[in-house]
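Asker: Encoded as structure tokens, here's the structure I'll be asking about.
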2 protein chains.
Amino acid sequence: MNKEQEILKEIRKIIPNSKKYLFDDCAIIEKNLVVTSDTIVQDIHFDLKNYKPSQIGWKAMAVNLSDIASMGAKPLYAMVSLSLPKSINLKFTKELYKGIQSCAKKYKTQIIGGNLTSSKEISITITLIGKTSHRGVSTRSNGRSGDLVFCTGTFGDAAAAYLVIASKAKQSHKTLLVKQDCFVVNTPRNDKLPLKSLKTPTPQINLGHKIVTSCNRVAMMDSSDGLADCLIQISEQSKVKIIVDEDKIPISKEMKKACKVLKKDSLDLALYGGEDYQLVGTISRNDYKKIKNLKSIKIIGEVVNGKSTFLKQKNNKLVKLSMKRTYAHFK
Amino acid sequence: MNKEQEILKEIRKIIPNSKKYLFDDCAIIEKNLVVTSDTIVQDIHFDLKNYKPSQIGWKAMAVNLSDIASMGAKPLYAMVSLSLPKSINLKFTKELYKGIQSCAKKYKTQIIGGNLTSSKEISITITLIGKTSHRGVSTRSNGRSGDLVFCTGTFGDAAAAYLVIASKAKQSHKTLLVKQDCFVVNTPRNDKLPLKSLKTPTPQINLGHKIVTSCNRVAMMDSSDGLADCLIQISEQSKVKIIVDEDKIPISKEMKKACKVLKKDSLDLALYGGEDYQLVGTISRNDYKKIKNLKSIKIIGEVVNGKSTFLKQKNNKLVKLSMKRTYAHFK
């Protein structure tokens, strides 16, 4: 158990009814509403050297929308709390807020309030209220033995992009770009490339809603803290064993190329990297028939009786995935 | 207009429907729910020298509950987002969280989730969801010509307490205590004294609810940013002139005593000090009959046709109250 998990464990002891509310991406309250909060902090989740203010704003909203997506819900309202150093000028603040609003608008979310305070570092906390589908919501405890493990998109792109940013500080920017031109940022031509996705993640609102409304029972999370984190949490909350196949984990060509240049293990980044904001979950084989036509969905493993989460390597050997290696704020 | 108001003005331009949502202490959403968010930041709203962790936690929850009180609503659910430096230990975090939970429990609020991240300074953002009375809610725009201006409690105590803390750094702690023993903190004997209230403010949930359910129409705010701020905001949103009487503004004996020692103007602190978390509003003379038995309620002025907010001095001269002097985060 890392320090973050230790703090969370203690907090859950202090809060009554924590089992009812504190184990999913969103809390479910009366009248089909879900609520979620997420904070992004300067130099932890973004920095001022590599991010434009509008990208910081977009990211603050998108990471919250991703939690709404993981419940199969649709967003309705947002509260935006900004903490800004006195040195930040009005132009920066406006661009930041425009980024927040443009993401809110794209996903039909009304900003209804928030807070403004001064601080030493930029920090943005957004609370979202969403509405669940009439079919219900997904929860982390919905997994059952016999289920299939599915995911959307590819994994490790954001982590690789982060390493590219970090390595740029040491290497010549240009050399890196020539070797893996896929990591050019924010040019219209390279619209879907990983480094952009690190700054302007795409919450899978429609896909999450489609999955939950099509299936009878879904256990689902968003992969903000990495693929391994999702699998381990669902396995723990559902009290089942999860086995994923190494060669089924979706990794983009660009990410593989970047890992070659960076001399990094692409599988490792895919499992533990985080910040991909894809969906990961389990559904019954019967439910899978209803969504197999969605081209973003890929089956990567299965759920069996037992506990813990394993990676089946190409040589059929099972390796246990560890929470100790997932992203931790208080290492 | 100060910088904070300038930022808010620009933000309101960016957000659609801001008139509907962004001018009260809480946003009102469908199904009688109200939502509010407030952040407290280290060295802005508290410091580690003068506050125990449990007091920081209490304050974070109480300032939010005070916004719920100002709408005449009852709190239901809270989302708690903690940003903590890595140097903060588990014991501190637990005490902080116990402070949050004890305030939540006192006002029957269920914590349903939140966020935990690392940061350079301690910052706590809480979002509360509350339920309005079947009689409706108070809004800042509900004031009408002919109304009476009411308030609860006394004003300037928190500001005076803050000055006592600040002056302790310079003066001998003991001297100050002898001269105005009212400012001893946290002894059971001095339970209701100002310096304690700075650290463990009391949200006026029941009183706010009682006022809104008893009256037909209420314009109300909480005095987190000072009495003058409340009066000016209600005057502006209701498009009326407000006149309050200097000699009716409730000031505690202890506060007056402290101001004498500190050589400060007690009226000035009462008007502009802030952090008192009392209720300030306007109601019709007819509605006043229904709540005049509540001993915490005091009439301090009246609402007439016109605009702006004035203090009627003892010599009957009117002095305009200025937003420029209210608390500003970005001076």
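Convention: chains lettered A, B, ... in structure tokens order; per-chain residue numbering from 1; ligands numbered from 1 as shown.
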Mind doing a quick least-squares superposition of chain B onto chain A, all C-alpha atoms paired one-to-one in order, and writing it out as a CSV table (one decimal) with C-alpha atoms, in the first residue's frame?
Answerer:
chain,number,residue,atom,x,y,z
B,1,MET,CA,0.0,0.0,0.0
B,2,ASN,CA,1.4,3.4,-1.0
B,3,LYS,CA,1.0,6.6,1.1
B,4,GLU,CA,-1.9,7.8,-1.0
B,5,GLN,CA,-3.8,4.6,-0.4
B,6,GLU,CA,-2.9,4.7,3.2
B,7,ILE,CA,-4.4,8.2,3.5
B,8,LEU,CA,-7.5,7.2,1.7
B,9,LYS,CA,-7.9,4.1,3.9
B,10,GLU,CA,-7.8,6.4,7.0
B,11,ILE,CA,-10.2,8.9,5.5
B,12,ARG,CA,-12.7,6.1,4.7
B,13,LYS,CA,-12.6,5.1,8.4
B,14,ILE,CA,-13.5,8.6,9.4
B,15,ILE,CA,-16.5,9.0,7.0
B,16,PRO,CA,-19.7,7.2,7.8
B,17,ASN,CA,-21.3,5.2,4.9
B,18,SER,CA,-18.1,5.3,3.0
B,19,LYS,CA,-18.8,1.9,1.5
B,20,LYS,CA,-21.9,3.3,-0.1
B,21,TYR,CA,-20.2,6.4,-1.6
B,22,LEU,CA,-16.4,6.3,-1.7
B,23,PHE,CA,-15.4,3.5,-4.0
B,24,ASP,CA,-16.4,4.6,-7.5
B,25,ASP,CA,-15.3,7.4,-9.8
B,26,CYS,CA,-18.5,9.2,-8.9
B,27,ALA,CA,-20.9,9.2,-5.9
B,28,ILE,CA,-24.4,8.2,-6.8
B,29,ILE,CA,-27.0,10.3,-5.0
B,30,GLU,CA,-30.8,10.4,-5.1
B,31,LYS,CA,-32.8,11.1,-8.2
B,32,ASN,CA,-30.3,9.5,-10.7
B,33,LEU,CA,-27.6,12.0,-10.1
B,34,VAL,CA,-23.9,11.3,-9.9
B,35,VAL,CA,-21.3,13.7,-8.5
B,36,THR,CA,-17.5,13.8,-8.9
B,37,SER,CA,-14.6,16.2,-8.1
B,38,ASP,CA,-11.1,16.4,-9.4
B,39,THR,CA,-8.3,18.8,-8.8
B,40,ILE,CA,-5.4,19.7,-11.1
B,41,VAL,CA,-2.4,21.4,-9.6
B,42,GLN,CA,0.5,23.3,-11.2
B,43,ASP,CA,3.7,21.3,-11.6
B,44,ILE,CA,1.8,18.1,-10.7
B,45,HIS,CA,-0.8,17.8,-13.5
B,46,PHE,CA,0.5,20.6,-15.8
B,47,ASP,CA,3.3,23.2,-16.0
B,48,LEU,CA,3.4,26.7,-17.4
B,49,LYS,CA,6.3,25.9,-19.8
B,50,ASN,CA,4.5,23.2,-21.8
B,51,TYR,CA,0.8,24.1,-21.5
B,52,LYS,CA,-1.1,27.0,-22.8
B,53,PRO,CA,-3.6,28.4,-20.4
B,54,SER,CA,-6.5,27.2,-22.5
B,55,GLN,CA,-5.1,23.7,-22.4
B,56,ILE,CA,-4.9,23.8,-18.6
B,57,GLY,CA,-8.5,24.8,-18.6
B,58,TRP,CA,-9.6,22.1,-21.0
B,59,LYS,CA,-7.7,19.5,-19.0
B,60,ALA,CA,-9.3,20.5,-15.7
B,61,MET,CA,-12.8,20.0,-17.2
B,62,ALA,CA,-11.9,16.9,-19.2
B,63,VAL,CA,-10.5,14.9,-16.3
B,64,ASN,CA,-13.8,15.4,-14.5
B,65,LEU,CA,-15.9,14.5,-17.5
B,66,SER,CA,-13.9,11.3,-17.8
B,67,ASP,CA,-15.1,10.2,-14.4
B,68,ILE,CA,-18.7,10.9,-15.5
B,69,ALA,CA,-18.0,8.9,-18.6
B,70,SER,CA,-16.8,5.9,-16.5
B,71,MET,CA,-20.2,5.8,-14.9
B,72,GLY,CA,-22.0,5.8,-18.2
B,73,ALA,CA,-23.6,9.1,-17.1
B,74,LYS,CA,-24.1,12.4,-19.0
B,75,PRO,CA,-22.8,15.6,-17.4
B,76,LEU,CA,-25.2,18.4,-16.5
B,77,TYR,CA,-23.6,21.0,-14.2
B,78,ALA,CA,-20.1,22.1,-13.2
B,79,MET,CA,-18.7,24.1,-10.2
B,80,VAL,CA,-15.3,25.6,-11.0
B,81,SER,CA,-13.0,26.6,-8.1
B,82,LEU,CA,-9.9,28.5,-9.2
B,83,SER,CA,-6.9,29.3,-7.0
B,84,LEU,CA,-4.6,31.7,-8.7
B,85,PRO,CA,-1.3,33.4,-7.7
B,86,LYS,CA,-1.6,37.2,-7.7
B,87,SER,CA,1.1,37.3,-10.4
B,88,ILE,CA,-1.3,35.7,-13.0
B,89,ASN,CA,-2.7,38.4,-15.3
B,90,LEU,CA,-6.2,38.9,-16.5
B,91,LYS,CA,-5.4,37.7,-20.0
B,92,PHE,CA,-4.1,34.3,-18.7
B,93,THR,CA,-7.1,33.9,-16.5
B,94,LYS,CA,-9.5,34.6,-19.4
B,95,GLU,CA,-7.7,32.1,-21.7
B,96,LEU,CA,-7.7,29.5,-18.9
B,97,TYR,CA,-11.5,30.0,-18.4
B,98,LYS,CA,-12.2,29.9,-22.1
B,99,GLY,CA,-10.5,26.4,-22.1
B,100,ILE,CA,-12.7,25.3,-19.3
B,101,GLN,CA,-15.8,26.6,-21.0
B,102,SER,CA,-14.9,25.2,-24.5
B,103,CYS,CA,-14.6,21.7,-23.0
B,104,ALA,CA,-17.8,22.2,-21.0
B,105,LYS,CA,-19.7,23.4,-24.1
B,106,LYS,CA,-18.5,20.4,-26.2
B,107,TYR,CA,-19.9,18.0,-23.6
B,108,LYS,CA,-23.1,20.0,-23.0
B,109,THR,CA,-22.2,21.0,-19.4
B,110,GLN,CA,-23.5,24.2,-17.8
B,111,ILE,CA,-21.0,26.0,-15.4
B,112,ILE,CA,-23.2,27.1,-12.5
B,113,GLY,CA,-20.7,28.6,-10.1
B,114,GLY,CA,-17.5,28.1,-8.2
B,115,ASN,CA,-15.0,30.0,-6.2
B,116,LEU,CA,-12.0,32.3,-6.8
B,117,THR,CA,-9.2,32.7,-4.4
B,118,SER,CA,-5.5,33.7,-4.4
B,119,SER,CA,-2.8,31.1,-3.7
B,120,LYS,CA,0.9,30.3,-4.3
B,121,GLU,CA,0.3,27.9,-7.2
B,122,ILE,CA,-2.4,27.5,-9.8
B,123,SER,CA,-5.0,24.9,-8.7
B,124,ILE,CA,-8.4,24.1,-10.3
B,125,THR,CA,-11.0,21.9,-8.6
B,126,ILE,CA,-14.1,21.1,-10.6
B,127,THR,CA,-17.1,19.3,-9.3
B,128,LEU,CA,-19.5,17.8,-11.8
B,129,ILE,CA,-23.1,16.7,-11.4
B,130,GLY,CA,-24.3,14.3,-14.0
B,131,LYS,CA,-27.4,12.2,-14.7
B,132,THR,CA,-27.3,8.4,-15.0
B,133,SER,CA,-29.0,6.5,-17.7
B,134,HIS,CA,-32.4,4.9,-17.0
B,135,ARG,CA,-30.5,1.6,-17.4
B,136,GLY,CA,-28.5,2.4,-14.3
B,137,VAL,CA,-24.8,3.0,-13.8
B,138,SER,CA,-21.6,1.1,-13.9
B,139,THR,CA,-19.8,0.4,-10.6
B,140,ARG,CA,-16.4,-1.1,-9.8
B,141,SER,CA,-18.1,-3.9,-8.0
B,142,ASN,CA,-20.2,-5.1,-10.9
B,143,GLY,CA,-17.6,-7.6,-12.3
B,144,ARG,CA,-18.5,-11.3,-12.2
B,145,SER,CA,-16.6,-14.5,-12.9
B,146,GLY,CA,-17.1,-15.4,-16.6
B,147,ASP,CA,-17.1,-11.7,-17.8
B,148,LEU,CA,-14.8,-10.4,-20.5
B,149,VAL,CA,-12.4,-7.5,-19.9
B,150,PHE,CA,-12.8,-4.7,-22.4
B,151,CYS,CA,-11.1,-1.4,-23.0
B,152,THR,CA,-11.3,1.6,-25.4
B,153,GLY,CA,-8.5,3.3,-27.2
B,154,THR,CA,-4.8,2.8,-26.6
B,155,PHE,CA,-2.6,3.0,-23.5
B,156,GLY,CA,0.6,4.6,-22.5
B,157,ASP,CA,0.4,7.5,-25.1
B,158,ALA,CA,0.2,10.2,-22.4
B,159,ALA,CA,3.0,8.7,-20.4
B,160,ALA,CA,5.2,8.5,-23.4
B,161,ALA,CA,4.3,12.0,-24.3
B,162,TYR,CA,5.3,13.1,-20.8
B,163,LEU,CA,8.7,11.4,-21.2
B,164,VAL,CA,9.1,13.1,-24.5
B,165,ILE,CA,8.5,16.5,-22.9
B,166,ALA,CA,10.9,15.6,-20.0
B,167,SER,CA,13.6,14.4,-22.4
B,168,LYS,CA,13.3,17.5,-24.5
B,169,ALA,CA,14.9,19.4,-21.7
B,170,LYS,CA,18.0,17.2,-22.1
B,171,GLN,CA,18.1,16.3,-25.8
B,172,SER,CA,17.9,18.6,-28.8
B,173,HIS,CA,14.2,19.2,-29.4
B,174,LYS,CA,14.7,18.7,-33.1
B,175,THR,CA,16.5,15.4,-32.9
B,176,LEU,CA,13.6,13.9,-31.1
B,177,LEU,CA,11.1,15.3,-33.5
B,178,VAL,CA,12.9,13.8,-36.5
B,179,LYS,CA,13.1,10.4,-34.9
B,180,GLN,CA,9.5,10.3,-34.0
B,181,ASP,CA,7.6,12.9,-35.8
B,182,CYS,CA,4.4,11.6,-34.3
B,183,PHE,CA,5.0,13.7,-31.2
B,184,VAL,CA,4.7,17.1,-32.7
B,185,VAL,CA,2.1,19.0,-30.7
B,186,ASN,CA,-1.0,20.8,-31.6
B,187,THR,CA,-0.5,21.1,-35.4
B,188,PRO,CA,-3.8,20.6,-37.2
B,189,ARG,CA,-2.2,17.8,-39.3
B,190,ASN,CA,-1.3,15.9,-36.2
B,191,ASP,CA,-4.6,16.3,-34.5
B,192,LYS,CA,-4.9,13.0,-32.8
B,193,LEU,CA,-1.3,12.5,-31.7
B,194,PRO,CA,-0.4,11.5,-28.2
B,195,LEU,CA,1.3,14.7,-27.0
B,196,LYS,CA,-1.8,16.7,-27.8
B,197,SER,CA,-3.9,14.2,-25.9
B,198,LEU,CA,-1.8,14.7,-22.8
B,199,LYS,CA,-2.9,18.4,-22.9
B,200,THR,CA,-6.4,18.1,-24.3
B,201,PRO,CA,-7.7,14.7,-23.2
B,202,THR,CA,-10.9,13.5,-24.7
B,203,PRO,CA,-13.5,12.2,-22.2
B,204,GLN,CA,-15.4,9.2,-23.5
B,205,ILE,CA,-18.8,10.5,-22.6
B,206,ASN,CA,-20.8,9.1,-25.5
B,207,LEU,CA,-19.0,5.8,-25.5
B,208,GLY,CA,-19.4,5.3,-21.8
B,209,HIS,CA,-23.1,6.1,-22.1
B,210,LYS,CA,-23.5,3.8,-25.1
B,211,ILE,CA,-21.9,0.9,-23.2
B,212,VAL,CA,-24.0,1.3,-20.0
B,213,THR,CA,-27.3,1.7,-21.9
B,214,SER,CA,-26.6,-1.3,-24.2
B,215,CYS,CA,-25.5,-3.8,-21.5
B,216,ASN,CA,-27.3,-5.2,-18.5
B,217,ARG,CA,-24.3,-5.0,-16.1
B,218,VAL,CA,-21.1,-3.1,-16.4
B,219,ALA,CA,-18.1,-2.7,-14.1
B,220,MET,CA,-16.2,0.3,-15.5
B,221,MET,CA,-13.5,2.9,-14.7
B,222,ASP,CA,-11.6,5.6,-16.5
B,223,SER,CA,-7.9,5.0,-16.9
B,224,SER,CA,-6.7,8.3,-15.4
B,225,ASP,CA,-4.3,6.4,-13.1
B,226,GLY,CA,-3.4,3.7,-15.7
B,227,LEU,CA,-4.7,0.4,-17.1
B,228,ALA,CA,-3.3,-1.7,-14.2
B,229,ASP,CA,-4.9,0.6,-11.6
B,230,CYS,CA,-8.4,0.0,-13.3
B,231,LEU,CA,-8.0,-3.7,-13.5
B,232,ILE,CA,-6.7,-4.0,-9.9
B,233,GLN,CA,-9.5,-1.8,-8.5
B,234,ILE,CA,-12.3,-3.7,-10.4
B,235,SER,CA,-10.8,-7.0,-9.3
B,236,GLU,CA,-10.7,-5.9,-5.6
B,237,GLN,CA,-14.2,-4.3,-5.5
B,238,SER,CA,-15.8,-7.1,-7.5
B,239,LYS,CA,-13.9,-9.8,-5.5
B,240,VAL,CA,-12.8,-11.7,-8.7
B,241,LYS,CA,-9.6,-12.6,-10.5
B,242,ILE,CA,-8.7,-10.7,-13.6
B,243,ILE,CA,-6.3,-12.0,-16.3
B,244,VAL,CA,-5.3,-9.8,-19.2
B,245,ASP,CA,-3.3,-10.9,-22.3
B,246,GLU,CA,0.0,-9.1,-22.9
B,247,ASP,CA,-0.4,-9.2,-26.6
B,248,LYS,CA,-4.0,-7.9,-26.6
B,249,ILE,CA,-3.2,-4.6,-24.8
B,250,PRO,CA,-3.7,-1.8,-27.3
B,251,ILE,CA,-0.6,0.2,-27.9
B,252,SER,CA,-0.3,2.7,-30.7
B,253,LYS,CA,2.5,2.6,-33.3
B,254,GLU,CA,3.5,6.1,-32.4
B,255,MET,CA,3.9,5.1,-28.7
B,256,LYS,CA,6.0,2.1,-29.6
B,257,LYS,CA,8.2,4.3,-31.8
B,258,ALA,CA,8.6,6.8,-29.0
B,259,CYS,CA,9.5,4.1,-26.5
B,260,LYS,CA,12.2,2.8,-28.9
B,261,VAL,CA,13.8,6.3,-29.0
B,262,LEU,CA,13.4,6.8,-25.3
B,263,LYS,CA,14.6,3.3,-24.5
B,264,LYS,CA,11.5,2.6,-22.4
B,265,ASP,CA,9.3,-0.6,-22.1
B,266,SER,CA,6.1,0.2,-23.9
B,267,LEU,CA,4.1,-2.5,-22.1
B,268,ASP,CA,5.2,-1.0,-18.8
B,269,LEU,CA,4.0,2.5,-19.8
B,270,ALA,CA,0.7,1.1,-21.1
B,271,LEU,CA,0.0,-0.7,-17.8
B,272,TYR,CA,1.2,1.9,-15.3
B,273,GLY,CA,1.5,5.2,-17.2
B,274,GLY,CA,-1.9,6.8,-16.6
B,275,GLU,CA,-3.6,10.0,-17.9
B,276,ASP,CA,-5.0,8.1,-21.0
B,277,TYR,CA,-8.6,8.8,-20.0
B,278,GLN,CA,-9.9,5.7,-21.8
B,279,LEU,CA,-12.5,3.3,-20.4
B,280,VAL,CA,-11.7,-0.1,-18.9
B,281,GLY,CA,-14.3,-2.6,-17.6
B,282,THR,CA,-15.9,-6.0,-17.6
B,283,ILE,CA,-19.2,-7.2,-19.1
B,284,SER,CA,-20.8,-10.6,-19.6
B,285,ARG,CA,-20.2,-12.5,-22.9
B,286,ASN,CA,-23.9,-11.9,-23.7
B,287,ASP,CA,-23.6,-8.2,-23.2
B,288,TYR,CA,-20.5,-8.1,-25.4
B,289,LYS,CA,-22.6,-9.2,-28.4
B,290,LYS,CA,-24.6,-6.0,-28.0
B,291,ILE,CA,-21.5,-3.7,-28.2
B,292,LYS,CA,-19.0,-5.6,-30.3
B,293,ASN,CA,-19.9,-3.4,-33.3
B,294,LEU,CA,-18.4,-0.4,-31.5
B,295,LYS,CA,-15.0,-0.2,-33.2
B,296,SER,CA,-13.3,1.5,-30.2
B,297,ILE,CA,-14.1,-1.6,-27.9
B,298,LYS,CA,-11.4,-4.2,-27.6
B,299,ILE,CA,-11.4,-7.4,-25.5
B,300,ILE,CA,-8.2,-7.8,-23.6
B,301,GLY,CA,-8.8,-10.6,-21.0
B,302,GLU,CA,-11.3,-12.4,-18.8
B,303,VAL,CA,-12.7,-12.6,-15.3
B,304,VAL,CA,-12.5,-15.8,-13.3
B,305,ASN,CA,-13.1,-17.0,-9.7
B,306,GLY,CA,-10.4,-16.0,-7.3
B,307,LYS,CA,-8.6,-12.8,-6.5
B,308,SER,CA,-5.8,-10.4,-7.8
B,309,THR,CA,-5.0,-9.2,-11.3
B,310,PHE,CA,-2.6,-11.0,-13.6
B,311,LEU,CA,-0.9,-10.3,-16.9
B,312,LYS,CA,-0.6,-13.4,-19.1
B,313,GLN,CA,2.7,-13.1,-20.9
B,314,LYS,CA,3.4,-14.3,-24.4
B,315,ASN,CA,4.9,-17.5,-22.9
B,316,ASN,CA,1.6,-18.1,-21.0
B,317,LYS,CA,3.3,-17.2,-17.7
B,318,LEU,CA,1.1,-15.2,-15.3
B,319,VAL,CA,2.6,-12.1,-13.7
B,320,LYS,CA,0.7,-10.4,-10.8
B,321,LEU,CA,0.0,-6.7,-11.4
B,322,SER,CA,0.9,-4.5,-8.4
B,323,MET,CA,-0.8,-1.4,-7.0
B,324,LYS,CA,2.6,-0.3,-5.7
B,325,ARG,CA,3.6,0.6,-9.2
B,326,THR,CA,0.5,2.7,-10.1
B,327,TYR,CA,0.7,6.5,-9.9
B,328,ALA,CA,1.0,7.7,-6.4
B,329,HIS,CA,0.8,11.4,-5.3
B,330,PHE,CA,2.6,10.8,-2.0
B,331,LYS,CA,5.5,8.5,-2.9
Asker: From region 86-265 of chain B, collect each residue whose DSSP state is helix (DSSP H, G or I) and return the set as number ranges by chain.
Answerer: B: 90-106, 140-142, 157-170, 173-179, 181-183, 188-190, 194-199, 205-214, 223-225, 227-238, 246-248, 253-262
Asker: Please identify the strand (DSSP E) residues within region 32-138 of chain A (assignment by DSSP from backbone atoms) and present them as a PyMOL selection string.
Answerer: chain A and resi 33-41+74-84+110-118+123-131
Asker: Using only N, CA and C atoms, please write the residues we just selected to a file, as a compact mmCIF listing (two decimals), in the first residue's frame.
Answerer:
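The resulting file, result_3.txt, is shown below:
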# COMPACT_ATOMS: atom_id res chain seq x y z
N LEU A 33 -28.68 11.09 -9.87
CA LEU A 33 -27.57 12.01 -10.08
C LEU A 33 -26.26 11.38 -9.62
N VAL A 34 -25.18 11.69 -10.36
CA VAL A 34 -23.84 11.29 -9.93
C VAL A 34 -23.02 12.56 -9.72
N VAL A 35 -22.07 12.50 -8.78
CA VAL A 35 -21.25 13.67 -8.47
C VAL A 35 -19.79 13.25 -8.42
N THR A 36 -18.91 14.07 -8.99
CA THR A 36 -17.48 13.77 -8.94
C THR A 36 -16.68 15.06 -8.82
N SER A 37 -15.52 14.99 -8.17
CA SER A 37 -14.61 16.14 -8.05
C SER A 37 -13.20 15.73 -8.42
N ASP A 38 -12.48 16.60 -9.09
CA ASP A 38 -11.09 16.34 -9.41
C ASP A 38 -10.33 17.67 -9.40
N THR A 39 -9.11 17.61 -8.89
CA THR A 39 -8.28 18.81 -8.81
C THR A 39 -7.07 18.64 -9.71
N ILE A 40 -6.69 19.67 -10.45
CA ILE A 40 -5.38 19.64 -11.11
C ILE A 40 -4.54 20.79 -10.54
N VAL A 41 -3.27 20.47 -10.26
CA VAL A 41 -2.37 21.39 -9.57
C VAL A 41 -1.13 21.64 -10.43
N LYS A 74 -24.32 11.15 -18.14
CA LYS A 74 -24.14 12.36 -18.97
C LYS A 74 -23.96 13.55 -18.03
N PRO A 75 -23.01 14.45 -18.34
CA PRO A 75 -22.79 15.60 -17.46
C PRO A 75 -23.90 16.64 -17.59
N LEU A 76 -24.19 17.32 -16.48
CA LEU A 76 -25.19 18.40 -16.49
C LEU A 76 -24.58 19.73 -16.05
N TYR A 77 -24.03 19.75 -14.83
CA TYR A 77 -23.58 21.00 -14.22
C TYR A 77 -22.15 20.91 -13.69
N ALA A 78 -21.46 22.04 -13.69
CA ALA A 78 -20.09 22.09 -13.17
C ALA A 78 -19.90 23.27 -12.23
N MET A 79 -19.19 23.03 -11.12
CA MET A 79 -18.72 24.09 -10.21
C MET A 79 -17.21 24.20 -10.42
N VAL A 80 -16.71 25.38 -10.67
CA VAL A 80 -15.29 25.58 -11.00
C VAL A 80 -14.62 26.43 -9.92
N SER A 81 -13.70 25.85 -9.17
CA SER A 81 -12.99 26.60 -8.13
C SER A 81 -11.56 26.85 -8.56
N LEU A 82 -11.24 28.12 -8.74
CA LEU A 82 -9.91 28.52 -9.21
C LEU A 82 -9.08 29.10 -8.07
N SER A 83 -7.86 28.61 -7.91
CA SER A 83 -6.90 29.25 -7.01
C SER A 83 -5.76 29.75 -7.87
N LEU A 84 -5.52 31.06 -7.83
CA LEU A 84 -4.53 31.67 -8.73
C LEU A 84 -3.55 32.55 -7.98
N GLN A 110 -23.23 22.79 -18.19
CA GLN A 110 -23.45 24.18 -17.77
C GLN A 110 -22.62 24.49 -16.53
N ILE A 111 -21.75 25.47 -16.63
CA ILE A 111 -21.03 25.94 -15.43
C ILE A 111 -22.01 26.76 -14.60
N ILE A 112 -22.18 26.37 -13.33
CA ILE A 112 -23.19 27.05 -12.49
C ILE A 112 -22.59 27.80 -11.31
N GLY A 113 -21.28 27.79 -11.18
CA GLY A 113 -20.70 28.54 -10.06
C GLY A 113 -19.30 28.08 -9.77
N GLY A 114 -18.82 28.44 -8.58
CA GLY A 114 -17.48 28.06 -8.19
C GLY A 114 -16.91 29.02 -7.20
N ASN A 115 -15.62 29.18 -7.26
CA ASN A 115 -14.94 30.00 -6.27
C ASN A 115 -13.67 30.56 -6.89
N LEU A 116 -13.22 31.69 -6.35
CA LEU A 116 -12.00 32.32 -6.83
C LEU A 116 -11.21 32.76 -5.60
N THR A 117 -9.96 32.30 -5.51
CA THR A 117 -9.13 32.71 -4.37
C THR A 117 -7.69 32.87 -4.82
N SER A 118 -6.90 33.60 -4.07
CA SER A 118 -5.48 33.69 -4.38
C SER A 118 -4.75 32.54 -3.70
N SER A 123 -4.28 26.10 -9.00
CA SER A 123 -4.98 24.87 -8.66
C SER A 123 -6.44 25.02 -9.10
N ILE A 124 -6.95 24.02 -9.78
CA ILE A 124 -8.34 24.08 -10.26
C ILE A 124 -9.08 22.84 -9.79
N THR A 125 -10.12 23.03 -9.01
CA THR A 125 -10.98 21.92 -8.60
C THR A 125 -12.32 22.08 -9.29
N ILE A 126 -12.74 21.05 -10.00
CA ILE A 126 -14.06 21.09 -10.62
C ILE A 126 -14.92 19.97 -10.03
N THR A 127 -16.15 20.31 -9.69
CA THR A 127 -17.12 19.30 -9.27
C THR A 127 -18.18 19.22 -10.34
N LEU A 128 -18.44 18.01 -10.81
CA LEU A 128 -19.46 17.81 -11.84
C LEU A 128 -20.65 17.05 -11.27
N ILE A 129 -21.84 17.45 -11.72
CA ILE A 129 -23.05 16.70 -11.42
C ILE A 129 -23.57 16.16 -12.75
N GLY A 130 -23.81 14.86 -12.78
CA GLY A 130 -24.30 14.25 -14.02
C GLY A 130 -25.54 13.42 -13.74
N LYS A 131 -26.12 12.94 -14.83
CA LYS A 131 -27.35 12.16 -14.72
C LYS A 131 -27.07 10.76 -15.25
